[in-house]
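Undergrad: Right, I'll just put the structure down here and ask away after.
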Amino acid sequence: MMVINLLGLLLIALIVWWFWLYRESAAEMDVGEITIEVQDGIYAPAHIRIPAGQPAKLNFLRKDPSPCASVVVFKDFDISEELPLNKTRQVELPPMKPGHYPFTCQMQMYRGEVIVE
Amino acid sequence: MTAEHQHAQGAPCHHGDSTEPPTVVPQQVLMIEGAGCASCVGKIESALNRVPGVQEASMNFAERTVTVSGEVSSDDLVRAVEQAGYGARAAAQESSAELLDEKEEADRQYYKRLLREMSIALGLGIPLMIYGLAIGEMTVTTTTERVVWALVGLATLAVMLLAGRHFYVGAWKSLRNHSANMDTLIALGTGTAWLYSMVVVMVPDVVPLMARHVYFEATAMIIGLINLGLALEVRARGRTSEAIKRLIGLQARTARVLRDGQEVDIPIEQVQQGDQVRVRPGEKIPVDGVVSDGHSLVDESMLTGEPMPVEKSVDDEIVGGTLNKSGSLLFKATRVGKDTALARIISMVKRAQNSKPPIGRLADVISGYFVPAIMIIAVASALIWLNFGPEPTIAFAVVSATTVLIIACPCALGLATPMSVMVGVGKAAEAGVLIRNGQALQTASKITAMILDKTGTITEGTPKVTEVIPFEDMDEAEVMKLAATLEQGSEHPLAQAIVESARERDIKPGYVDDFNAIAGHGVEGRVEGRSLLFGNEKLMRDREIALDEHLEQAQKMAAQARTPMYLAADGRLLALIAVADPIKEDSVAAIRRLQKDGIRVVMLTGDNRDTAKAVAEQVGIDEFFAEVLPEDKSGKVAELQQQGEIVGMTGDGINDAPALALADVGFAIGTGTDVAIESADVTLMRGSLHGLADAIAVSRATLKNIRQNLFGAFIYNAAGVPVAAGLLYPFFGILLSPVIAGAAMAFSSLTVVTNANRLRLFKPQEH
């Protein structure tokens with residue numbers, strides 16, 4: 001029983017670490033533009049590194065038919081863009097100060113972030 | 001939030017829909033057909049680059065489109081692609097209608113797929129459940145049972161792969177991505193149930209005898225029910241965008257354009273600025289333009305809500321999407337594609353529909369942590385059952401963990417706000433009210449004080465002659481003729497009212513000699529040999545004209561917000577003419593609606609106290625600010641804000657821009673379709689103040705709907721998760737079955753969408 005309890009607690013610790021504490025490496029953006037695929041409940045890549053003070057173009061290509069995937073929201077910029085299925089849709093971000101700017105679906109289940117450095 | 005963060009929020013931002021500066025090279029998009037391989041890209045691009053005038057052609061292979069920049073006709077481009085061996089058609093701008101069709105088609109496909117998957121899963125789940133209910137416990141004891149259940153287990157695995165694949169793939173991908181969503185919960189829940197059941201079947205010895213129970217029916221039922229819920233949700237979501245569908249439906253699909261002297265029908269996307277377009281009676285006007293020939297009545301009600309058709313003749317502006325009623329019109333296209341008023345309205349409504357009011361923020365924060373938290377609760381609940389639960393502890397632990405994972409519904413929480421905003425903003429647009437974003441919607445619902453600019457908002461904004469009183473042996477027409485003759489050269493708004501009134505009475509002004517405008521007083525001149533004076537009381541007194549017997553009459557006019565003007569000839573008073581800015585006929589009713597809603601209504605005007613008081617009394621407003629200089633208007637907004645009011649300001653959007661900007665919500669009142677739709681928080685497309693009351697009513701109804709949704713979603717999760725974990729078991733012996741949890745979860749988000757859809761039925765009360 002002791003072992004099972006320990007395993008359970010370990011599992012909880014693992015969940016906390018994996019979902020909340022872990023910081024994933026981010027994709028670098030090439031020449032001010034990057035394509036992000038929306039598929040199977042995620043944005044790929046989900047973490048994008050952008051130099052500060054530069055505008056950025058994010059091309060979203062949605063392959064996920066779920067209506068959840070149909071809108072991408074950048075709440076810091078008051079941007080919400082409808083994404084047509086199997087088509088790229090460009091979102092232009094203004095030059096930004098360093099910081100983390102999340103982008104999500106309307107329900108916050110699909111999550112990504114722009115990391116400005 | 002950090003300072004930088006806030007700065008970034010306030011920074012101006014533009015994306016896809018914003019208009020480009022006019023200096024950019026024109027771009028057009030071609031749809032390419034027959035390009036099967038990536039190597040076609042180079043061929044097509046170089047074929048296009050050889051066309052004179054093309055600066056750059058770049059192909060998007062995934063979309064099968066080419067974007068061409070340069071001054072070049074689309075016909076030349078299509079020909080070049082055809083010569084290279086492919087098909088092409090101009091898609092100058094992808095129309096909203098096309099996008100909508102595609103979206104609906106995609107939704108339909110997805111809906112069908114979900115239903116198919118549901119049938120597969122329920123096809124196995126329902127018989128299993130009926131068997132379980134009829135026979136009792138689904139336990140595994142004998143070898144025969146083991147074999148049968150192993151087969152059922154494999155069938156369930158097939159169902160999971162065929163009907164639930166998207167949950168598992170989604171869960172796995174997001175797990176690798178360090179994120180978790182609804183898929184994660186469903187995959188873990190159904191996976192746990194299946195895995196435990198398979199262990200019972202394959203290696204029963206590791207499980208105590210009492211706990212040798214299988215849950216294959218739960219796995220199949222949950223997958224089926226959640227697919228059903230998703231399918232119904234896709235359906236219901238389709239209905240939330242009805243309003244935008246109606247707006248898009250207003251766009252004509254083709255236009256009849258003059259090309260080389262011939263009238264040809266072309267797709268609306270190909271209409272160019274400057275084209276001459278023909279519209280026959282009964283047809284929709286395809287794009288915005290200026291009439292160059294013809295005369296007709298145009299029904300603009302779909303955009304402005306104004307029921308009366310508007311007369312249009314040469315040089316009048318017409319707007320795409322409105323309906324040509326009576327005559328044939330030829331017009332020059334001035335705005336096409338995404339620049340037309342209708343396209344801008346559609347894009348603004350869409351953007352607003354997708355934006356979030358602050359009320360949804362808490363839900364967003366919660367849903368960010370939701371799924372991992374539920375996973376932790378599931379593990380913790382299993383541990384508690386294992387340590388403190390009754391026998392068979394392992395079975396109870398598995399059931400409670402599965403049920404917790406399945407019942408939790410992050411979707412209901414996440415959907416609560418956006419669905420209602422979608423419907424509410426659309427509903428407002430149908431009433432001719434354009435709401436800029438979710439923030440404006442939420443603040444509008446909380447307004448406690450409303451400042452109304454008088455001129456143009458409460459009143460028509462164009463003064464009219466209301467009374468003509470001749471004193472000598474003259475009739476009204478003769479008086480008006482003299483007055484109009486004198487005033488025809490003057491720019492003053494009161495003078496224009498006189499001239500306009502004469503025109504309406506079919507009176508042609510005569511000739512005037514020795515015309516002289518006396519600033520602040522009036523005008524003088526000689527007409528038909530008589531020396532005429534026309535102006536205010538001061539002018540008459542300066543020229544020693546006897547007024548005394550008519551003074552009382554004039555003062556009465558002034559007290560009713562009419563401006564008296566005197567006409568005198570050769571030293572004798574001839575007539576009194578009253579000019580007033582008439583109050584819009586429904587202002588009184590609309591103001592009463594606002595007051596009934598508990599809003600403190602305040603009038604603001606640059607006019608003198610007497611006029612202000614008279615107008616305020618007529619429309620039933622107790623409070624007014626008179627003699628306010630244009631630059632002081634925003635000061636009055638600030639004054640009310642300092643009193644703790646949440647202030648709405650309604651004005652014409654141009655002169656009142658600073659006050660509109662300072663107010664908590666600025667309402668720009670439009671006249672007709674010529675709306676500056678980017679300028680204010682809320683734009684009222686028709687002139688009536690009922691639009692204002694509608695805007696408040698819709699925003700309040702939407703916020704109420706959002707609160708219901710959020711409350712429902714919070715309560716559902718807050719109550720559902722503990723019950724699923726078995727909180728009620730020690731007291732009442734109640735433990736939910738995973739199947740019930742699956743049904744509850746599937747229908748919780750559907751309930752949210754359905755409740756939001758209820759808003760579609762909302763009707764603002766006009767009286």
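Going by the structure tokens order, chains are called A, B, ..., each with residues numbered from 1, while ligands are numbered from 1 in the order shown.
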Name all residues at most 9 Å from segment 571-584 of chain B (count only C-alpha atoms; drop same-chain ones fewer than 2 positions away) and give them as number ranges by chain.

TA: B: 455-474, 476, 479-480, 494, 497-498, 531-533, 540, 543-547, 550, 554, 557-558, 561-569, 586-588, 615, 618-619, 687-689

Undergrad: So which bits of segment 34-104 of chain A end up strand (DSSP E) when you DSSP the backbone, as a short mmCIF file (atom, residue, chain, number, x, y, z; two decimals) with all heavy atoms, in the first residue's frame?

TA:
data_model
loop_
_atom_site.label_atom_id
_atom_site.label_comp_id
_atom_site.auth_asym_id
_atom_site.auth_seq_id
_atom_site.Cartn_x
_atom_site.Cartn_y
_atom_site.Cartn_z
N ILE A 34 6.61 32.90 -39.79
CA ILE A 34 6.66 31.50 -39.40
C ILE A 34 5.30 30.86 -39.65
O ILE A 34 4.28 31.54 -39.57
CB ILE A 34 7.08 31.33 -37.92
CG1 ILE A 34 7.47 29.87 -37.63
CG2 ILE A 34 5.99 31.80 -36.98
CD1 ILE A 34 8.20 29.71 -36.32
N THR A 35 5.30 29.59 -40.03
CA THR A 35 4.03 28.91 -40.24
C THR A 35 3.73 28.01 -39.04
O THR A 35 4.59 27.28 -38.57
CB THR A 35 4.07 28.07 -41.53
OG1 THR A 35 4.24 28.97 -42.62
CG2 THR A 35 2.77 27.31 -41.72
N ILE A 36 2.52 28.11 -38.55
CA ILE A 36 2.10 27.33 -37.40
C ILE A 36 0.96 26.43 -37.84
O ILE A 36 -0.06 26.91 -38.34
CB ILE A 36 1.62 28.26 -36.28
CG1 ILE A 36 2.77 29.16 -35.83
CG2 ILE A 36 1.07 27.46 -35.10
CD1 ILE A 36 2.33 30.33 -35.00
N GLU A 37 1.14 25.14 -37.65
CA GLU A 37 0.04 24.23 -38.01
C GLU A 37 -0.88 24.03 -36.82
O GLU A 37 -0.43 23.93 -35.68
CB GLU A 37 0.62 22.88 -38.45
CG GLU A 37 1.12 22.91 -39.86
CD GLU A 37 1.40 21.52 -40.40
OE1 GLU A 37 0.91 20.54 -39.81
OE2 GLU A 37 2.12 21.43 -41.41
N VAL A 38 -2.16 23.99 -37.11
CA VAL A 38 -3.14 23.73 -36.06
C VAL A 38 -3.71 22.36 -36.35
O VAL A 38 -4.43 22.16 -37.32
CB VAL A 38 -4.28 24.77 -36.10
CG1 VAL A 38 -5.16 24.62 -34.87
CG2 VAL A 38 -3.72 26.17 -36.19
N GLN A 39 -3.33 21.40 -35.53
CA GLN A 39 -3.77 20.04 -35.78
C GLN A 39 -3.83 19.25 -34.50
O GLN A 39 -2.99 19.42 -33.62
CB GLN A 39 -2.83 19.36 -36.78
CG GLN A 39 -3.46 18.15 -37.41
CD GLN A 39 -2.63 17.59 -38.54
OE1 GLN A 39 -1.49 17.96 -38.71
NE2 GLN A 39 -3.21 16.69 -39.31
N ILE A 42 -3.39 20.93 -31.00
CA ILE A 42 -2.24 21.76 -30.60
C ILE A 42 -1.83 22.70 -31.73
O ILE A 42 -2.22 22.53 -32.87
CB ILE A 42 -1.00 20.91 -30.22
CG1 ILE A 42 -0.63 19.99 -31.39
CG2 ILE A 42 -1.25 20.12 -28.96
CD1 ILE A 42 0.79 19.47 -31.29
N TYR A 43 -1.05 23.69 -31.33
CA TYR A 43 -0.36 24.53 -32.30
C TYR A 43 1.06 23.97 -32.43
O TYR A 43 1.70 23.68 -31.41
CB TYR A 43 -0.26 25.98 -31.80
CG TYR A 43 -1.59 26.66 -31.64
CD1 TYR A 43 -2.05 27.02 -30.38
CD2 TYR A 43 -2.39 26.94 -32.73
CE1 TYR A 43 -3.28 27.65 -30.22
CE2 TYR A 43 -3.61 27.56 -32.59
CZ TYR A 43 -4.05 27.93 -31.32
OH TYR A 43 -5.26 28.54 -31.19
N ALA A 44 1.53 23.80 -33.65
CA ALA A 44 2.89 23.31 -33.81
C ALA A 44 3.63 24.20 -34.80
O ALA A 44 3.23 24.29 -35.95
CB ALA A 44 2.88 21.87 -34.34
N HIS A 47 5.59 27.35 -29.25
CA HIS A 47 6.37 28.41 -28.59
C HIS A 47 7.27 29.04 -29.64
O HIS A 47 8.06 28.36 -30.28
CB HIS A 47 7.21 27.84 -27.45
CG HIS A 47 6.37 27.13 -26.44
ND1 HIS A 47 5.89 27.74 -25.31
CD2 HIS A 47 5.89 25.87 -26.42
CE1 HIS A 47 5.16 26.87 -24.62
NE2 HIS A 47 5.13 25.73 -25.28
N ILE A 48 7.10 30.33 -29.82
CA ILE A 48 7.83 31.00 -30.89
C ILE A 48 8.62 32.17 -30.32
O ILE A 48 8.07 33.00 -29.60
CB ILE A 48 6.86 31.49 -31.97
CG1 ILE A 48 6.21 30.27 -32.63
CG2 ILE A 48 7.57 32.32 -33.02
CD1 ILE A 48 4.77 30.43 -32.84
N ARG A 49 9.89 32.18 -30.64
CA ARG A 49 10.77 33.22 -30.13
C ARG A 49 10.90 34.31 -31.19
O ARG A 49 11.17 34.02 -32.35
CB ARG A 49 12.13 32.61 -29.84
CG ARG A 49 12.88 33.23 -28.72
CD ARG A 49 14.20 32.49 -28.52
NE ARG A 49 14.00 31.17 -27.95
CZ ARG A 49 13.83 30.95 -26.65
NH1 ARG A 49 13.81 31.96 -25.81
NH2 ARG A 49 13.67 29.73 -26.19
N ILE A 50 10.69 35.55 -30.76
CA ILE A 50 10.74 36.66 -31.71
C ILE A 50 11.60 37.75 -31.10
O ILE A 50 11.49 38.03 -29.91
CB ILE A 50 9.30 37.20 -31.95
CG1 ILE A 50 8.48 36.16 -32.70
CG2 ILE A 50 9.33 38.51 -32.73
CD1 ILE A 50 7.04 36.58 -32.92
N ALA A 56 5.88 40.84 -36.58
CA ALA A 56 6.00 39.42 -36.91
C ALA A 56 4.77 38.96 -37.66
O ALA A 56 3.67 39.46 -37.43
CB ALA A 56 6.16 38.61 -35.63
N LYS A 57 4.99 38.03 -38.56
CA LYS A 57 3.86 37.47 -39.30
C LYS A 57 3.75 36.00 -38.95
O LYS A 57 4.69 35.24 -39.14
CB LYS A 57 4.09 37.61 -40.80
CG LYS A 57 3.99 39.05 -41.26
CD LYS A 57 4.31 39.16 -42.74
CE LYS A 57 4.21 40.61 -43.19
NZ LYS A 57 4.78 40.79 -44.51
N LEU A 58 2.62 35.62 -38.43
CA LEU A 58 2.39 34.22 -38.10
C LEU A 58 1.37 33.67 -39.10
O LEU A 58 0.26 34.18 -39.20
CB LEU A 58 1.85 34.08 -36.68
CG LEU A 58 2.65 34.77 -35.57
CD1 LEU A 58 2.03 34.48 -34.21
CD2 LEU A 58 4.09 34.32 -35.58
N ASN A 59 1.78 32.65 -39.83
CA ASN A 59 0.85 32.04 -40.79
C ASN A 59 0.24 30.80 -40.16
O ASN A 59 0.92 29.83 -39.92
CB ASN A 59 1.59 31.64 -42.06
CG ASN A 59 2.21 32.85 -42.73
OD1 ASN A 59 1.58 33.90 -42.83
ND2 ASN A 59 3.46 32.72 -43.15
N PHE A 60 -1.04 30.87 -39.90
CA PHE A 60 -1.70 29.72 -39.30
C PHE A 60 -2.28 28.84 -40.39
O PHE A 60 -3.01 29.32 -41.25
CB PHE A 60 -2.81 30.18 -38.36
CG PHE A 60 -2.28 30.69 -37.06
CD1 PHE A 60 -1.92 32.02 -36.92
CD2 PHE A 60 -2.14 29.85 -35.98
CE1 PHE A 60 -1.42 32.50 -35.73
CE2 PHE A 60 -1.64 30.31 -34.77
CZ PHE A 60 -1.28 31.64 -34.65
N LEU A 61 -1.95 27.55 -40.35
CA LEU A 61 -2.53 26.61 -41.29
C LEU A 61 -3.33 25.60 -40.48
O LEU A 61 -2.79 24.79 -39.74
CB LEU A 61 -1.43 25.91 -42.08
CG LEU A 61 -1.88 24.80 -43.03
CD1 LEU A 61 -2.91 25.31 -44.03
CD2 LEU A 61 -0.70 24.22 -43.78
N ARG A 62 -4.65 25.72 -40.57
CA ARG A 62 -5.51 24.87 -39.74
C ARG A 62 -5.86 23.59 -40.48
O ARG A 62 -6.43 23.63 -41.56
CB ARG A 62 -6.78 25.64 -39.36
CG ARG A 62 -7.83 24.78 -38.69
CD ARG A 62 -9.11 25.58 -38.47
NE ARG A 62 -10.21 24.68 -38.19
CZ ARG A 62 -11.47 24.92 -38.51
NH1 ARG A 62 -11.80 26.04 -39.11
NH2 ARG A 62 -12.40 24.05 -38.22
N VAL A 71 -10.80 29.57 -34.34
CA VAL A 71 -10.43 30.95 -34.07
C VAL A 71 -9.16 30.97 -33.23
O VAL A 71 -9.03 30.18 -32.29
CB VAL A 71 -11.56 31.69 -33.29
CG1 VAL A 71 -11.12 33.09 -32.92
CG2 VAL A 71 -12.83 31.75 -34.12
N VAL A 72 -8.23 31.84 -33.59
CA VAL A 72 -7.05 32.01 -32.74
C VAL A 72 -7.12 33.40 -32.13
O VAL A 72 -7.45 34.37 -32.80
CB VAL A 72 -5.73 31.77 -33.51
CG1 VAL A 72 -5.54 32.78 -34.63
CG2 VAL A 72 -4.54 31.83 -32.56
N VAL A 73 -6.87 33.46 -30.83
CA VAL A 73 -7.02 34.72 -30.10
C VAL A 73 -5.69 35.13 -29.49
O VAL A 73 -5.03 34.34 -28.83
CB VAL A 73 -8.05 34.54 -28.95
CG1 VAL A 73 -8.25 35.86 -28.20
CG2 VAL A 73 -9.38 34.03 -29.47
N PHE A 74 -5.28 36.37 -29.79
CA PHE A 74 -4.13 36.98 -29.11
C PHE A 74 -4.73 38.03 -28.19
O PHE A 74 -5.04 39.12 -28.63
CB PHE A 74 -3.19 37.65 -30.12
CG PHE A 74 -2.42 36.69 -30.97
CD1 PHE A 74 -3.03 36.06 -32.03
CD2 PHE A 74 -1.08 36.43 -30.72
CE1 PHE A 74 -2.32 35.18 -32.84
CE2 PHE A 74 -0.37 35.55 -31.51
CZ PHE A 74 -0.99 34.92 -32.57
N ILE A 79 -6.59 40.67 -30.87
CA ILE A 79 -6.69 40.07 -32.20
C ILE A 79 -7.45 38.76 -32.07
O ILE A 79 -7.13 37.95 -31.20
CB ILE A 79 -5.30 39.77 -32.79
CG1 ILE A 79 -4.59 41.08 -33.14
CG2 ILE A 79 -5.41 38.87 -34.03
CD1 ILE A 79 -3.18 40.88 -33.65
N SER A 80 -8.45 38.57 -32.87
CA SER A 80 -8.99 37.23 -32.98
C SER A 80 -9.28 36.98 -34.44
O SER A 80 -9.99 37.75 -35.08
CB SER A 80 -10.23 37.06 -32.11
OG SER A 80 -11.20 37.98 -32.48
N GLU A 81 -8.68 35.95 -34.95
CA GLU A 81 -8.73 35.71 -36.38
C GLU A 81 -9.38 34.37 -36.64
O GLU A 81 -9.08 33.38 -35.97
CB GLU A 81 -7.28 35.72 -36.91
CG GLU A 81 -7.15 35.77 -38.40
CD GLU A 81 -7.59 37.09 -39.00
OE1 GLU A 81 -7.18 38.14 -38.53
OE2 GLU A 81 -8.35 37.04 -39.98
N GLU A 82 -10.30 34.37 -37.57
CA GLU A 82 -10.93 33.11 -37.94
C GLU A 82 -9.99 32.34 -38.87
O GLU A 82 -9.43 32.92 -39.79
CB GLU A 82 -12.24 33.40 -38.65
CG GLU A 82 -13.33 32.46 -38.23
CD GLU A 82 -14.65 32.86 -38.83
OE1 GLU A 82 -15.11 33.99 -38.55
OE2 GLU A 82 -15.20 32.07 -39.57
N THR A 88 -3.86 28.83 -45.24
CA THR A 88 -3.09 29.64 -44.31
C THR A 88 -3.78 30.98 -44.13
O THR A 88 -4.34 31.54 -45.07
CB THR A 88 -1.65 29.89 -44.79
OG1 THR A 88 -1.71 30.19 -46.16
CG2 THR A 88 -0.78 28.69 -44.56
N ARG A 89 -3.73 31.46 -42.92
CA ARG A 89 -4.29 32.77 -42.62
C ARG A 89 -3.23 33.52 -41.83
O ARG A 89 -2.70 33.00 -40.86
CB ARG A 89 -5.57 32.58 -41.82
CG ARG A 89 -6.25 33.82 -41.30
CD ARG A 89 -6.57 34.85 -42.37
NE ARG A 89 -7.33 34.37 -43.50
CZ ARG A 89 -8.63 34.54 -43.65
NH1 ARG A 89 -9.32 35.14 -42.72
NH2 ARG A 89 -9.24 34.10 -44.73
N GLN A 90 -2.88 34.72 -42.31
CA GLN A 90 -1.79 35.43 -41.67
C GLN A 90 -2.27 36.33 -40.55
O GLN A 90 -3.26 37.04 -40.69
CB GLN A 90 -1.06 36.27 -42.71
CG GLN A 90 0.28 36.77 -42.21
CD GLN A 90 1.12 37.31 -43.33
OE1 GLN A 90 0.85 38.38 -43.84
NE2 GLN A 90 2.14 36.57 -43.73
N VAL A 91 -1.56 36.27 -39.44
CA VAL A 91 -1.81 37.20 -38.34
C VAL A 91 -0.56 38.05 -38.20
O VAL A 91 0.53 37.52 -38.05
CB VAL A 91 -2.08 36.44 -37.03
CG1 VAL A 91 -2.18 37.40 -35.85
CG2 VAL A 91 -3.36 35.62 -37.15
N GLU A 92 -0.75 39.36 -38.26
CA GLU A 92 0.40 40.24 -38.12
C GLU A 92 0.44 40.81 -36.72
O GLU A 92 -0.54 41.35 -36.24
CB GLU A 92 0.30 41.39 -39.13
CG GLU A 92 0.69 40.97 -40.52
CD GLU A 92 0.60 42.14 -41.50
OE1 GLU A 92 1.15 43.21 -41.18
OE2 GLU A 92 -0.03 41.96 -42.54
N LEU A 93 1.59 40.69 -36.09
CA LEU A 93 1.74 41.25 -34.76
C LEU A 93 2.58 42.52 -34.86
O LEU A 93 3.52 42.58 -35.64
CB LEU A 93 2.44 40.24 -33.84
CG LEU A 93 1.71 38.91 -33.65
CD1 LEU A 93 2.52 38.02 -32.72
CD2 LEU A 93 0.32 39.12 -33.07
N GLY A 99 8.68 39.91 -23.51
CA GLY A 99 7.66 39.34 -22.64
C GLY A 99 7.04 38.11 -23.28
O GLY A 99 7.45 37.69 -24.36
N HIS A 100 6.09 37.53 -22.57
CA HIS A 100 5.40 36.35 -23.09
C HIS A 100 3.99 36.75 -23.50
O HIS A 100 3.26 37.35 -22.72
CB HIS A 100 5.32 35.26 -22.02
CG HIS A 100 6.64 34.65 -21.72
ND1 HIS A 100 6.95 33.35 -22.03
CD2 HIS A 100 7.76 35.17 -21.16
CE1 HIS A 100 8.19 33.10 -21.67
NE2 HIS A 100 8.70 34.19 -21.12
N TYR A 101 3.64 36.44 -24.73
CA TYR A 101 2.31 36.78 -25.21
C TYR A 101 1.60 35.51 -25.67
O TYR A 101 1.96 34.94 -26.69
CB TYR A 101 2.41 37.77 -26.38
CG TYR A 101 3.16 39.03 -26.04
CD1 TYR A 101 4.52 39.14 -26.29
CD2 TYR A 101 2.50 40.10 -25.44
CE1 TYR A 101 5.22 40.28 -25.96
CE2 TYR A 101 3.19 41.25 -25.10
CZ TYR A 101 4.55 41.34 -25.36
OH TYR A 101 5.23 42.47 -25.04
N PRO A 102 0.63 35.06 -24.90
CA PRO A 102 -0.01 33.79 -25.26
C PRO A 102 -0.99 33.94 -26.43
O PRO A 102 -1.54 35.01 -26.65
CB PRO A 102 -0.77 33.41 -23.99
CG PRO A 102 -1.00 34.69 -23.28
CD PRO A 102 0.12 35.61 -23.65
N PHE A 103 -1.13 32.88 -27.20
CA PHE A 103 -2.24 32.81 -28.14
C PHE A 103 -2.96 31.49 -27.93
O PHE A 103 -2.34 30.47 -27.63
CB PHE A 103 -1.80 33.01 -29.59
CG PHE A 103 -0.72 32.08 -30.08
CD1 PHE A 103 -1.05 30.90 -30.74
CD2 PHE A 103 0.61 32.40 -29.92
CE1 PHE A 103 -0.06 30.05 -31.22
CE2 PHE A 103 1.60 31.55 -30.39
CZ PHE A 103 1.28 30.37 -31.03
N THR A 104 -4.27 31.54 -28.03
CA THR A 104 -5.07 30.37 -27.67
C THR A 104 -6.26 30.25 -28.60
O THR A 104 -6.54 31.15 -29.37
CB THR A 104 -5.65 30.54 -26.25
OG1 THR A 104 -6.48 31.70 -26.24
CG2 THR A 104 -4.57 30.69 -25.21
#

Undergrad: Nearest to chain B among A:Val3, A:Leu10, A:Cys105, A:Lys87, with distances taken over only C-alpha atoms: which residue is it?

TA: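 Under the stated criterion, the closest residue is A:Lys87.
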
Undergrad: Tell me, as a ChimeraX atom specification, which residues lie within 12 Å of Ser749 of chain B, counting only C-alpha atoms; anything in the same chain fewer than 3 positions away does not count.

TA: /A:107 /B:182,226,228-234,236-237,407-417,419,709-710,712-714,716-717,742-746,752-756

Undergrad: Quick one, how far is atom CA of Pro358 of chain B from atom CA of Ala680 of chain B?

TA: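 Spanning atom CA of Pro358 of chain B to atom CA of Ala680 of chain B is a straight-line distance of 18.7 Å.
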
Undergrad: Pull out every residue of chain A sitting within 7 Å of chain B, counting only C-alpha atoms, and send them as number ranges by chain.

TA: A: 5, 8, 12, 15, 18-19, 40-42, 65, 67, 76-78, 80, 84, 87, 90-94, 96-97, 106-109

Undergrad: Would you save the residues from that selection as a PDB file, in the first residue's frame, using C-alpha atoms?

TA:
ATOM      1  CA  ASN A   5       0.620   5.759  -2.240  1.00  0.00           C
ATOM      2  CA  GLY A   8       0.372   8.145  -6.655  1.00  0.00           C
ATOM      3  CA  ILE A  12       0.850  14.037  -9.004  1.00  0.00           C
ATOM      4  CA  ILE A  15       1.725  16.141 -13.557  1.00  0.00           C
ATOM      5  CA  TRP A  18       5.132  18.308 -16.820  1.00  0.00           C
ATOM      6  CA  PHE A  19       2.267  20.719 -17.327  1.00  0.00           C
ATOM      7  CA  ASP A  40      -4.960  17.465 -33.263  1.00  0.00           C
ATOM      8  CA  GLY A  41      -5.556  19.927 -30.508  1.00  0.00           C
ATOM      9  CA  ILE A  42      -2.243  21.764 -30.598  1.00  0.00           C
ATOM     10  CA  PRO A  65     -11.816  20.303 -38.425  1.00  0.00           C
ATOM     11  CA  PRO A  67     -14.743  24.075 -34.434  1.00  0.00           C
ATOM     12  CA  ASP A  76      -2.867  41.078 -25.530  1.00  0.00           C
ATOM     13  CA  PHE A  77      -3.428  42.604 -28.941  1.00  0.00           C
ATOM     14  CA  ASP A  78      -7.177  42.245 -29.138  1.00  0.00           C
ATOM     15  CA  SER A  80      -8.991  37.226 -32.976  1.00  0.00           C
ATOM     16  CA  PRO A  84     -10.359  28.594 -42.538  1.00  0.00           C
ATOM     17  CA  LYS A  87      -5.718  27.357 -45.689  1.00  0.00           C
ATOM     18  CA  GLN A  90      -1.788  35.428 -41.674  1.00  0.00           C
ATOM     19  CA  VAL A  91      -1.813  37.198 -38.339  1.00  0.00           C
ATOM     20  CA  GLU A  92       0.402  40.240 -38.125  1.00  0.00           C
ATOM     21  CA  LEU A  93       1.742  41.247 -34.759  1.00  0.00           C
ATOM     22  CA  PRO A  94       3.023  44.763 -34.078  1.00  0.00           C
ATOM     23  CA  MET A  96       6.568  44.075 -29.199  1.00  0.00           C
ATOM     24  CA  LYS A  97       8.380  44.662 -25.942  1.00  0.00           C
ATOM     25  CA  GLN A 106     -11.424  30.640 -27.744  1.00  0.00           C
ATOM     26  CA  MET A 107     -11.617  28.050 -25.003  1.00  0.00           C
ATOM     27  CA  GLN A 108      -7.934  28.149 -24.033  1.00  0.00           C
ATOM     28  CA  MET A 109      -7.496  24.482 -24.828  1.00  0.00           C
TER      29      MET A 109
END

Undergrad: Tell me, in Å to one decimal, how far atom CA of Leu30 of chain B is from atom CA of Ala47 of chain B.

TA: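 Taking atom CA of Leu30 of chain B and atom CA of Ala47 of chain B, their separation equals 13.2 Å.
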
Undergrad: So, with only C-alpha atoms as the atoms that count, which of A:Ala69, A:Ala52, A:Met1, A:Val114 lies closest to Pro98 of chain A?

TA: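 For Pro98 of chain A, the nearest of the candidates is A:Ala52.
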
Undergrad: Quick one: pick out all alpha helix (DSSP H) residues within chain A from a backbone DSSP run and write them as a list in words.

TA: Met2, Val3, Ile4, Asn5, Leu6, Leu7, Gly8, Leu9, Leu10, Leu11, Ile12, Ala13, Leu14, Ile15 and Val16 of chain A

Undergrad: Please determine, counting only C-alpha atoms, which residue among B:Glu528, B:Glu217, B:Asp453, B:Glu585 has the shortest atom-to-atom distance to Gly666 of chain B.

TA: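 Smallest distance to Gly666 of chain B is found for B:Asp453.
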
Undergrad: Separation of atom CA of Asn516 of chain B and atom CA of Glu478 of chain B, in Å?

TA: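 Distance between the two atoms: 21.2 Å.
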